[in-house]
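The next block is entry27.txt, given as compact mmCIF, N, CA and C atoms.
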```
# COMPACT_ATOMS: atom_id res chain seq x y z
N MET A 1 78.31 7.72 5.10
CA MET A 1 77.75 7.76 3.76
C MET A 1 78.74 7.12 2.79
N ILE A 2 78.21 6.32 1.90
CA ILE A 2 79.01 5.66 0.87
C ILE A 2 78.57 6.19 -0.48
N ARG A 3 79.53 6.59 -1.29
CA ARG A 3 79.23 7.05 -2.65
C ARG A 3 80.01 6.22 -3.66
N LEU A 4 79.30 5.74 -4.66
CA LEU A 4 79.91 4.95 -5.73
C LEU A 4 79.49 5.49 -7.08
N THR A 5 80.38 5.42 -8.05
CA THR A 5 80.04 5.72 -9.44
C THR A 5 80.39 4.50 -10.27
N ILE A 6 79.38 3.99 -10.97
CA ILE A 6 79.58 2.83 -11.84
C ILE A 6 79.62 3.35 -13.27
N PRO A 7 80.78 3.36 -13.92
CA PRO A 7 80.88 3.90 -15.27
C PRO A 7 80.22 2.99 -16.30
N GLY A 8 79.84 3.57 -17.41
CA GLY A 8 79.23 2.80 -18.50
C GLY A 8 77.72 2.82 -18.43
N ARG A 9 77.10 2.30 -19.47
CA ARG A 9 75.64 2.28 -19.54
C ARG A 9 75.07 1.34 -18.49
N PRO A 10 74.16 1.84 -17.64
CA PRO A 10 73.51 0.96 -16.68
C PRO A 10 72.71 -0.13 -17.39
N VAL A 11 72.81 -1.34 -16.90
CA VAL A 11 72.16 -2.50 -17.53
C VAL A 11 71.04 -2.98 -16.62
N PRO A 12 69.82 -3.10 -17.14
CA PRO A 12 68.71 -3.54 -16.30
C PRO A 12 68.75 -5.04 -16.02
N CYS A 13 68.13 -5.43 -14.94
CA CYS A 13 67.95 -6.84 -14.61
C CYS A 13 67.03 -7.47 -15.67
N VAL A 14 67.32 -8.70 -16.05
CA VAL A 14 66.49 -9.40 -17.03
C VAL A 14 66.01 -10.71 -16.42
N ARG A 15 64.90 -11.19 -16.94
CA ARG A 15 64.41 -12.50 -16.51
C ARG A 15 65.25 -13.56 -17.20
N MET A 16 65.63 -14.58 -16.43
CA MET A 16 66.43 -15.64 -17.03
C MET A 16 66.19 -16.95 -16.30
N THR A 17 66.41 -18.00 -17.03
CA THR A 17 66.34 -19.34 -16.46
C THR A 17 67.76 -19.80 -16.17
N GLN A 18 67.90 -20.92 -15.50
CA GLN A 18 69.23 -21.48 -15.23
C GLN A 18 69.98 -21.70 -16.54
N LYS A 19 69.27 -22.15 -17.56
CA LYS A 19 69.91 -22.45 -18.84
C LYS A 19 70.22 -21.17 -19.62
N SER A 20 69.27 -20.24 -19.66
CA SER A 20 69.45 -19.05 -20.49
C SER A 20 70.51 -18.10 -19.96
N LYS A 21 70.85 -18.20 -18.67
CA LYS A 21 71.84 -17.27 -18.12
C LYS A 21 73.22 -17.45 -18.75
N TRP A 22 73.45 -18.58 -19.42
CA TRP A 22 74.75 -18.83 -20.04
C TRP A 22 74.75 -18.60 -21.54
N VAL A 23 73.57 -18.40 -22.14
CA VAL A 23 73.51 -18.25 -23.60
C VAL A 23 72.86 -16.96 -24.05
N SER A 24 71.98 -16.39 -23.26
CA SER A 24 71.27 -15.17 -23.65
C SER A 24 72.22 -13.97 -23.58
N PRO A 25 72.36 -13.21 -24.68
CA PRO A 25 73.23 -12.02 -24.65
C PRO A 25 72.79 -11.01 -23.59
N ALA A 26 71.49 -10.82 -23.42
CA ALA A 26 70.99 -9.86 -22.43
C ALA A 26 71.34 -10.34 -21.01
N ALA A 27 71.20 -11.64 -20.77
CA ALA A 27 71.53 -12.19 -19.45
C ALA A 27 73.03 -12.07 -19.17
N LEU A 28 73.84 -12.36 -20.16
CA LEU A 28 75.29 -12.25 -19.98
C LEU A 28 75.71 -10.81 -19.72
N ARG A 29 75.08 -9.86 -20.42
CA ARG A 29 75.37 -8.44 -20.22
C ARG A 29 74.98 -8.01 -18.81
N TYR A 30 73.80 -8.47 -18.35
CA TYR A 30 73.34 -8.15 -17.00
C TYR A 30 74.28 -8.73 -15.94
N LEU A 31 74.64 -10.00 -16.08
CA LEU A 31 75.52 -10.64 -15.10
C LEU A 31 76.88 -9.95 -15.03
N ALA A 32 77.40 -9.53 -16.18
CA ALA A 32 78.68 -8.80 -16.20
C ALA A 32 78.54 -7.45 -15.50
N TYR A 33 77.43 -6.75 -15.73
CA TYR A 33 77.20 -5.46 -15.08
C TYR A 33 77.08 -5.64 -13.57
N LYS A 34 76.30 -6.62 -13.14
CA LYS A 34 76.11 -6.91 -11.71
C LYS A 34 77.46 -7.21 -11.06
N ASP A 35 78.30 -8.00 -11.72
CA ASP A 35 79.63 -8.31 -11.20
C ASP A 35 80.50 -7.06 -11.13
N GLY A 36 80.35 -6.16 -12.10
CA GLY A 36 81.09 -4.90 -12.09
C GLY A 36 80.68 -4.00 -10.94
N VAL A 37 79.38 -3.94 -10.66
CA VAL A 37 78.88 -3.17 -9.52
C VAL A 37 79.46 -3.74 -8.23
N ALA A 38 79.44 -5.06 -8.10
CA ALA A 38 79.99 -5.71 -6.90
C ALA A 38 81.48 -5.44 -6.76
N TRP A 39 82.21 -5.50 -7.86
CA TRP A 39 83.66 -5.28 -7.82
C TRP A 39 83.98 -3.85 -7.35
N ILE A 40 83.28 -2.87 -7.92
CA ILE A 40 83.50 -1.47 -7.51
C ILE A 40 83.09 -1.29 -6.05
N GLY A 41 82.00 -1.94 -5.66
CA GLY A 41 81.57 -1.87 -4.26
C GLY A 41 82.60 -2.44 -3.31
N ARG A 42 83.14 -3.62 -3.64
CA ARG A 42 84.15 -4.24 -2.78
C ARG A 42 85.42 -3.38 -2.70
N LYS A 43 85.75 -2.73 -3.80
CA LYS A 43 86.94 -1.88 -3.83
C LYS A 43 86.76 -0.63 -2.95
N SER A 44 85.51 -0.16 -2.82
CA SER A 44 85.25 1.10 -2.13
C SER A 44 84.70 0.94 -0.71
N ILE A 45 84.13 -0.21 -0.39
CA ILE A 45 83.46 -0.40 0.89
C ILE A 45 84.25 -1.40 1.73
N SER A 46 84.70 -0.94 2.90
CA SER A 46 85.51 -1.83 3.74
C SER A 46 84.66 -2.81 4.54
N GLN A 47 83.46 -2.40 4.95
CA GLN A 47 82.61 -3.27 5.75
C GLN A 47 81.15 -3.00 5.39
N SER A 48 80.37 -4.07 5.24
CA SER A 48 78.96 -3.89 4.90
C SER A 48 78.21 -3.29 6.09
N LEU A 49 77.17 -2.54 5.78
CA LEU A 49 76.36 -1.89 6.80
C LEU A 49 75.44 -2.93 7.45
N SER A 50 75.24 -2.80 8.75
CA SER A 50 74.47 -3.81 9.46
C SER A 50 73.04 -3.39 9.77
N GLY A 51 72.75 -2.11 9.73
CA GLY A 51 71.41 -1.63 10.08
C GLY A 51 70.57 -1.33 8.86
N SER A 52 69.52 -0.54 9.08
CA SER A 52 68.65 -0.12 7.99
C SER A 52 69.40 0.84 7.07
N VAL A 53 69.09 0.75 5.77
CA VAL A 53 69.85 1.49 4.77
C VAL A 53 68.90 2.26 3.85
N GLY A 54 69.33 3.46 3.48
CA GLY A 54 68.65 4.25 2.47
C GLY A 54 69.56 4.38 1.26
N VAL A 55 69.00 4.24 0.05
CA VAL A 55 69.79 4.27 -1.18
C VAL A 55 69.21 5.30 -2.14
N THR A 56 70.10 6.12 -2.69
CA THR A 56 69.73 7.06 -3.75
C THR A 56 70.56 6.70 -4.97
N VAL A 57 69.90 6.53 -6.11
CA VAL A 57 70.59 6.15 -7.34
C VAL A 57 70.17 7.09 -8.46
N LYS A 58 71.16 7.58 -9.20
CA LYS A 58 70.91 8.38 -10.40
C LYS A 58 71.50 7.62 -11.58
N PHE A 59 70.64 7.28 -12.54
CA PHE A 59 71.06 6.57 -13.74
C PHE A 59 71.15 7.57 -14.89
N TYR A 60 72.32 7.72 -15.47
CA TYR A 60 72.53 8.62 -16.61
C TYR A 60 72.59 7.76 -17.87
N LEU A 61 71.60 7.95 -18.76
CA LEU A 61 71.50 7.15 -19.97
C LEU A 61 71.44 8.05 -21.19
N TYR A 62 72.05 7.59 -22.26
CA TYR A 62 72.07 8.34 -23.53
C TYR A 62 71.22 7.57 -24.55
N GLY A 63 70.45 8.30 -25.33
CA GLY A 63 69.67 7.67 -26.40
C GLY A 63 68.20 7.58 -26.06
N LEU A 64 67.47 6.96 -26.97
CA LEU A 64 66.02 6.88 -26.85
C LEU A 64 65.52 5.61 -26.18
N ARG A 65 66.32 4.56 -26.17
CA ARG A 65 65.90 3.30 -25.55
C ARG A 65 66.20 3.35 -24.06
N LEU A 66 65.16 3.54 -23.28
CA LEU A 66 65.33 3.68 -21.84
C LEU A 66 64.72 2.49 -21.12
N PRO A 67 65.50 1.76 -20.36
CA PRO A 67 64.98 0.61 -19.61
C PRO A 67 64.10 1.06 -18.44
N ASP A 68 63.29 0.15 -17.94
CA ASP A 68 62.46 0.44 -16.76
C ASP A 68 63.36 0.71 -15.57
N ILE A 69 62.99 1.73 -14.80
CA ILE A 69 63.83 2.13 -13.67
C ILE A 69 63.87 1.06 -12.58
N ASP A 70 62.78 0.30 -12.41
CA ASP A 70 62.79 -0.74 -11.38
C ASP A 70 63.78 -1.85 -11.70
N ASN A 71 63.97 -2.15 -12.98
CA ASN A 71 64.96 -3.16 -13.37
C ASN A 71 66.38 -2.64 -13.22
N LEU A 72 66.57 -1.34 -13.40
CA LEU A 72 67.89 -0.75 -13.17
C LEU A 72 68.24 -0.81 -11.68
N ILE A 73 67.26 -0.49 -10.84
CA ILE A 73 67.48 -0.55 -9.39
C ILE A 73 67.83 -1.97 -8.96
N LYS A 74 67.10 -2.94 -9.48
CA LYS A 74 67.34 -4.35 -9.13
C LYS A 74 68.77 -4.76 -9.48
N ALA A 75 69.28 -4.31 -10.61
CA ALA A 75 70.65 -4.66 -11.01
C ALA A 75 71.66 -4.12 -10.01
N VAL A 76 71.46 -2.89 -9.56
CA VAL A 76 72.36 -2.29 -8.56
C VAL A 76 72.25 -3.03 -7.24
N PHE A 77 71.03 -3.31 -6.81
CA PHE A 77 70.84 -4.02 -5.53
C PHE A 77 71.44 -5.41 -5.58
N ASP A 78 71.27 -6.12 -6.69
CA ASP A 78 71.86 -7.45 -6.82
C ASP A 78 73.38 -7.39 -6.72
N GLY A 79 73.98 -6.38 -7.32
CA GLY A 79 75.43 -6.25 -7.27
C GLY A 79 75.95 -5.89 -5.88
N LEU A 80 75.19 -5.10 -5.14
CA LEU A 80 75.64 -4.63 -3.82
C LEU A 80 75.22 -5.55 -2.69
N ASN A 81 74.39 -6.55 -2.99
CA ASN A 81 73.95 -7.49 -1.97
C ASN A 81 75.16 -8.29 -1.47
N GLY A 82 75.38 -8.28 -0.17
CA GLY A 82 76.54 -8.96 0.40
C GLY A 82 77.81 -8.12 0.36
N VAL A 83 77.73 -6.93 -0.22
CA VAL A 83 78.89 -6.03 -0.29
C VAL A 83 78.62 -4.78 0.55
N ALA A 84 77.60 -4.01 0.20
CA ALA A 84 77.27 -2.79 0.94
C ALA A 84 76.39 -3.11 2.14
N TRP A 85 75.60 -4.17 2.04
CA TRP A 85 74.72 -4.63 3.10
C TRP A 85 74.67 -6.14 3.04
N ALA A 86 74.29 -6.76 4.14
CA ALA A 86 74.24 -8.22 4.17
C ALA A 86 73.12 -8.77 3.29
N ASP A 87 71.98 -8.11 3.32
CA ASP A 87 70.83 -8.55 2.53
C ASP A 87 70.02 -7.32 2.13
N ASP A 88 69.46 -7.32 0.93
CA ASP A 88 68.74 -6.12 0.48
C ASP A 88 67.44 -5.88 1.24
N ARG A 89 67.08 -6.76 2.15
CA ARG A 89 65.94 -6.49 3.05
C ARG A 89 66.26 -5.33 3.99
N GLN A 90 67.55 -5.00 4.14
CA GLN A 90 67.94 -3.87 4.99
C GLN A 90 67.60 -2.53 4.35
N VAL A 91 67.35 -2.51 3.06
CA VAL A 91 67.04 -1.26 2.37
C VAL A 91 65.60 -0.87 2.69
N VAL A 92 65.44 0.26 3.37
CA VAL A 92 64.12 0.72 3.79
C VAL A 92 63.68 1.97 3.03
N ARG A 93 64.60 2.58 2.30
CA ARG A 93 64.28 3.80 1.56
C ARG A 93 65.06 3.80 0.25
N VAL A 94 64.34 4.07 -0.85
CA VAL A 94 64.97 4.12 -2.18
C VAL A 94 64.50 5.38 -2.90
N THR A 95 65.45 6.10 -3.46
CA THR A 95 65.15 7.21 -4.35
C THR A 95 65.95 6.97 -5.62
N ALA A 96 65.26 7.01 -6.77
CA ALA A 96 65.96 6.74 -8.03
C ALA A 96 65.48 7.71 -9.10
N GLU A 97 66.43 8.09 -9.96
CA GLU A 97 66.14 8.97 -11.09
C GLU A 97 66.80 8.42 -12.34
N ARG A 98 66.13 8.55 -13.45
CA ARG A 98 66.69 8.21 -14.75
C ARG A 98 66.88 9.54 -15.47
N LEU A 99 68.14 9.90 -15.73
CA LEU A 99 68.48 11.21 -16.29
C LEU A 99 69.16 11.06 -17.64
N ALA A 100 69.15 12.12 -18.41
CA ALA A 100 69.76 12.11 -19.73
C ALA A 100 71.26 12.37 -19.62
N ALA A 101 72.05 11.51 -20.24
CA ALA A 101 73.50 11.72 -20.34
C ALA A 101 73.76 12.53 -21.61
N THR A 102 74.84 13.30 -21.62
CA THR A 102 75.14 14.14 -22.77
C THR A 102 75.75 13.36 -23.93
N SER A 103 76.33 12.18 -23.63
CA SER A 103 76.92 11.33 -24.66
C SER A 103 77.02 9.91 -24.12
N ARG A 104 77.40 8.98 -24.98
CA ARG A 104 77.60 7.59 -24.52
C ARG A 104 78.71 7.50 -23.48
N ASP A 105 79.72 8.35 -23.63
CA ASP A 105 80.85 8.34 -22.68
C ASP A 105 80.44 8.84 -21.30
N ASP A 106 79.30 9.53 -21.21
CA ASP A 106 78.83 10.13 -19.96
C ASP A 106 77.85 9.21 -19.21
N GLU A 107 77.54 8.04 -19.76
CA GLU A 107 76.60 7.13 -19.12
C GLU A 107 77.22 6.55 -17.86
N ARG A 108 76.39 6.45 -16.79
CA ARG A 108 76.89 5.96 -15.52
C ARG A 108 75.73 5.80 -14.54
N ALA A 109 76.03 5.21 -13.40
CA ALA A 109 75.11 5.16 -12.27
C ALA A 109 75.84 5.74 -11.07
N GLU A 110 75.21 6.69 -10.41
CA GLU A 110 75.77 7.27 -9.20
C GLU A 110 74.93 6.78 -8.03
N ILE A 111 75.58 6.19 -7.04
CA ILE A 111 74.89 5.55 -5.92
C ILE A 111 75.35 6.18 -4.61
N GLU A 112 74.39 6.49 -3.77
CA GLU A 112 74.67 7.02 -2.43
C GLU A 112 73.94 6.13 -1.43
N ILE A 113 74.66 5.64 -0.44
CA ILE A 113 74.10 4.73 0.56
C ILE A 113 74.31 5.35 1.94
N VAL A 114 73.24 5.42 2.72
CA VAL A 114 73.33 5.96 4.08
C VAL A 114 72.64 5.01 5.04
N GLU A 115 73.14 4.99 6.28
CA GLU A 115 72.44 4.25 7.32
C GLU A 115 71.27 5.09 7.79
N VAL A 116 70.13 4.46 7.99
CA VAL A 116 68.93 5.15 8.45
C VAL A 116 68.74 4.84 9.93
N GLN A 117 68.70 5.88 10.73
CA GLN A 117 68.52 5.74 12.16
C GLN A 117 67.06 5.97 12.49
N TYR A 118 66.34 4.92 12.81
CA TYR A 118 64.94 5.07 13.18
C TYR A 118 64.82 5.71 14.55
N GLY A 119 63.75 6.44 14.72
CA GLY A 119 63.50 7.11 15.99
C GLY A 119 63.93 8.56 15.97
N THR A 120 64.88 8.92 15.10
CA THR A 120 65.34 10.30 15.04
C THR A 120 64.67 11.07 13.92
N ASP A 121 64.23 10.38 12.87
CA ASP A 121 63.60 11.09 11.76
C ASP A 121 62.14 10.69 11.56
N LYS A 122 61.57 9.96 12.52
CA LYS A 122 60.16 9.57 12.52
C LYS A 122 59.75 8.83 11.25
N THR A 123 60.65 8.02 10.71
CA THR A 123 60.31 7.23 9.52
C THR A 123 60.20 5.76 9.84
N GLN A 124 60.11 5.43 11.11
CA GLN A 124 60.04 4.02 11.50
C GLN A 124 58.77 3.39 10.93
N PRO A 125 58.93 2.25 10.26
CA PRO A 125 57.75 1.63 9.69
C PRO A 125 56.83 1.08 10.78
N ASN A 126 55.55 1.04 10.45
CA ASN A 126 54.57 0.49 11.37
C ASN A 126 54.60 -1.02 11.20
N THR A 127 55.16 -1.73 12.16
CA THR A 127 55.32 -3.18 12.04
C THR A 127 54.02 -3.92 12.33
N LYS A 128 53.00 -3.24 12.84
CA LYS A 128 51.73 -3.90 13.12
C LYS A 128 50.82 -3.95 11.90
N THR A 129 51.09 -3.16 10.91
CA THR A 129 50.25 -3.11 9.73
C THR A 129 50.67 -4.19 8.74
N ARG A 130 49.70 -4.93 8.25
CA ARG A 130 49.97 -5.96 7.25
C ARG A 130 49.45 -5.49 5.91
N LEU A 131 50.22 -5.75 4.89
CA LEU A 131 49.77 -5.37 3.53
C LEU A 131 49.04 -6.50 2.88
```
Any chance you could put this one into structure tokens?
Amino acid sequence: MIRLTIPGRPVPCVRMTQKSKWVSPAALRYLAYKDGVAWIGRKSISQSLSGSVGVTVKFYLYGLRLPDIDNLIKAVFDGLNGVAWADDRQVVRVTAERLAATSRDDERAEIEIVEVQYGTDKTQPNTKTRL
């Protein structure tokens, strides 16, 4: 099991073009956050996981402006791609919560990553079913 805490306000993924990624304040903030997640991941994780992965994330946010949880998840996955796992296609289970922080200083993301062993917990996906 891998546990990481990313201090500071979680930053959601934003849509950006090749050009806007260098001038948009929201894009620059997102890219800096993603790099921070990767840096903390590299500091804490010695080797990326090779099998199926389950991820639990708790986002602690202060204030009334709350970003979409799916964009928060994407920012964490983008930062950990190539660090905690080789590719985010390995993630087969996600649990995420957006919780209230008591102050701005208490804002953070808590991440827990586990390898998922199929066959022992009967969660193996049906590979014959097409969506």
Have a look at atom N of Leu31 in chain A and CA of Val57 in chain A and let me know their distance in Å, one decimal.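 Taking atom N of Leu31 in chain A as the start and CA of Val57 in chain A as the end point, the length is 18.8 Å.
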Identify, with DSSP run on backbone atoms, the residues in chain A assigned to strand (DSSP E), and express the list as a count of residues only. 33
Restricting the calculation to all atoms listed in the file, which member of A:Ala26, A:Ala75, A:Val83, A:Ala101 is positioned closest to Gln47 in chain A?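 The shortest atom-to-atom distance to Gln47 in chain A comes from A:Val83.
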Could you please determine the separation between atom N of Thr102 in chain A and atom C of Ile6 in chain A in Å, to one decimal place? 13.8 Å
For Arg42 in chain A, which residue out of A:Asp106, A:Asp68, A:Gly79, A:Glu97 is the nearest one, using only N, CA and C atoms? A:Gly79
Between atom N of Leu80 in chain A and CA of Val37 in chain A, what is the distance, to one decimal in Å?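 Value for the atom N of Leu80 in chain A-CA of Val37 in chain A distance: 6.0 Å.
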Would you kindly return, as a VMD selection string, each protein, DNA or RNA residue with an atom no farther than 8 Å from any atom of Arg9 in chain A, considering only N, CA and C atoms and excluding same-chain residues fewer than 4 positions away? chain A and resid 33 60 to 62 104 to 109
Write down as a PyMOL selection string the residues belonging to range 55-123 of chain A that are assigned alpha helix (DSSP H) by DSSP computed on the backbone. chain A and resi 69-80
Among the residues A:Pro10, A:Leu4, A:Val116, A:Arg98, the one that comes closest to Gly41 in chain A [using only C-alpha atoms]: A:Leu4
For Ala96 in chain A, which residue out of A:Lys58, A:Arg65, A:Arg29, A:Lys74 is the nearest one, using only C-alpha atoms?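 Selected residue with least distance to Ala96 in chain A: A:Lys58.
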Restricting the calculation to all atoms listed in the file, which member of A:Ala100, A:Phe59, A:Gln90, A:Ala27 is positioned closest to Leu72 in chain A?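 Closest candidate: A:Phe59.
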Given the choices A:Gly51, A:Pro25, A:Gly36, A:Gly63, which gets closest to Val114 in chain A if the distance is worked out from only N, CA and C atoms? A:Gly51
Contacts of Val53 in chain A at 10 Å or less, counting only C-alpha atoms, minus same-chain residues fewer than 6 places along, as a PDB file with N, CA and C atoms, in the frame of the given file?
```pdb
ATOM      1  N   ALA A  84      77.600  -4.010   0.200  1.00  0.00           N
ATOM      2  CA  ALA A  84      77.270  -2.790   0.940  1.00  0.00           C
ATOM      3  C   ALA A  84      76.390  -3.110   2.140  1.00  0.00           C
ATOM      4  N   TRP A  85      75.600  -4.170   2.040  1.00  0.00           N
ATOM      5  CA  TRP A  85      74.720  -4.630   3.100  1.00  0.00           C
ATOM      6  C   TRP A  85      74.670  -6.140   3.040  1.00  0.00           C
ATOM      7  N   ASP A  88      69.460  -7.320   0.930  1.00  0.00           N
ATOM      8  CA  ASP A  88      68.740  -6.120   0.480  1.00  0.00           C
ATOM      9  C   ASP A  88      67.440  -5.880   1.240  1.00  0.00           C
ATOM     10  N   ARG A  89      67.080  -6.760   2.150  1.00  0.00           N
ATOM     11  CA  ARG A  89      65.940  -6.490   3.050  1.00  0.00           C
ATOM     12  C   ARG A  89      66.260  -5.330   3.990  1.00  0.00           C
ATOM     13  N   GLN A  90      67.550  -5.000   4.140  1.00  0.00           N
ATOM     14  CA  GLN A  90      67.940  -3.870   4.990  1.00  0.00           C
ATOM     15  C   GLN A  90      67.600  -2.530   4.350  1.00  0.00           C
ATOM     16  N   VAL A  91      67.350  -2.510   3.060  1.00  0.00           N
ATOM     17  CA  VAL A  91      67.040  -1.260   2.370  1.00  0.00           C
ATOM     18  C   VAL A  91      65.600  -0.870   2.690  1.00  0.00           C
ATOM     19  N   VAL A  92      65.440   0.260   3.370  1.00  0.00           N
ATOM     20  CA  VAL A  92      64.120   0.720   3.790  1.00  0.00           C
ATOM     21  C   VAL A  92      63.680   1.970   3.030  1.00  0.00           C
ATOM     22  N   ARG A  93      64.600   2.580   2.300  1.00  0.00           N
ATOM     23  CA  ARG A  93      64.280   3.800   1.560  1.00  0.00           C
ATOM     24  C   ARG A  93      65.060   3.800   0.250  1.00  0.00           C
ATOM     25  N   VAL A  94      64.340   4.070  -0.850  1.00  0.00           N
ATOM     26  CA  VAL A  94      64.970   4.120  -2.180  1.00  0.00           C
ATOM     27  C   VAL A  94      64.500   5.380  -2.900  1.00  0.00           C
ATOM     28  N   ILE A 113      74.660   5.640  -0.440  1.00  0.00           N
ATOM     29  CA  ILE A 113      74.100   4.730   0.560  1.00  0.00           C
ATOM     30  C   ILE A 113      74.310   5.350   1.940  1.00  0.00           C
ATOM     31  N   VAL A 114      73.240   5.420   2.720  1.00  0.00           N
ATOM     32  CA  VAL A 114      73.330   5.960   4.080  1.00  0.00           C
ATOM     33  C   VAL A 114      72.640   5.010   5.040  1.00  0.00           C
ATOM     34  N   GLU A 115      73.140   4.990   6.280  1.00  0.00           N
ATOM     35  CA  GLU A 115      72.440   4.250   7.320  1.00  0.00           C
ATOM     36  C   GLU A 115      71.270   5.090   7.790  1.00  0.00           C
ATOM     37  N   VAL A 116      70.130   4.460   7.990  1.00  0.00           N
ATOM     38  CA  VAL A 116      68.930   5.150   8.450  1.00  0.00           C
ATOM     39  C   VAL A 116      68.740   4.840   9.930  1.00  0.00           C
ATOM     40  N   GLN A 117      68.700   5.880  10.730  1.00  0.00           N
ATOM     41  CA  GLN A 117      68.520   5.740  12.160  1.00  0.00           C
ATOM     42  C   GLN A 117      67.060   5.970  12.490  1.00  0.00           C
TER      43      GLN A 117
END
```
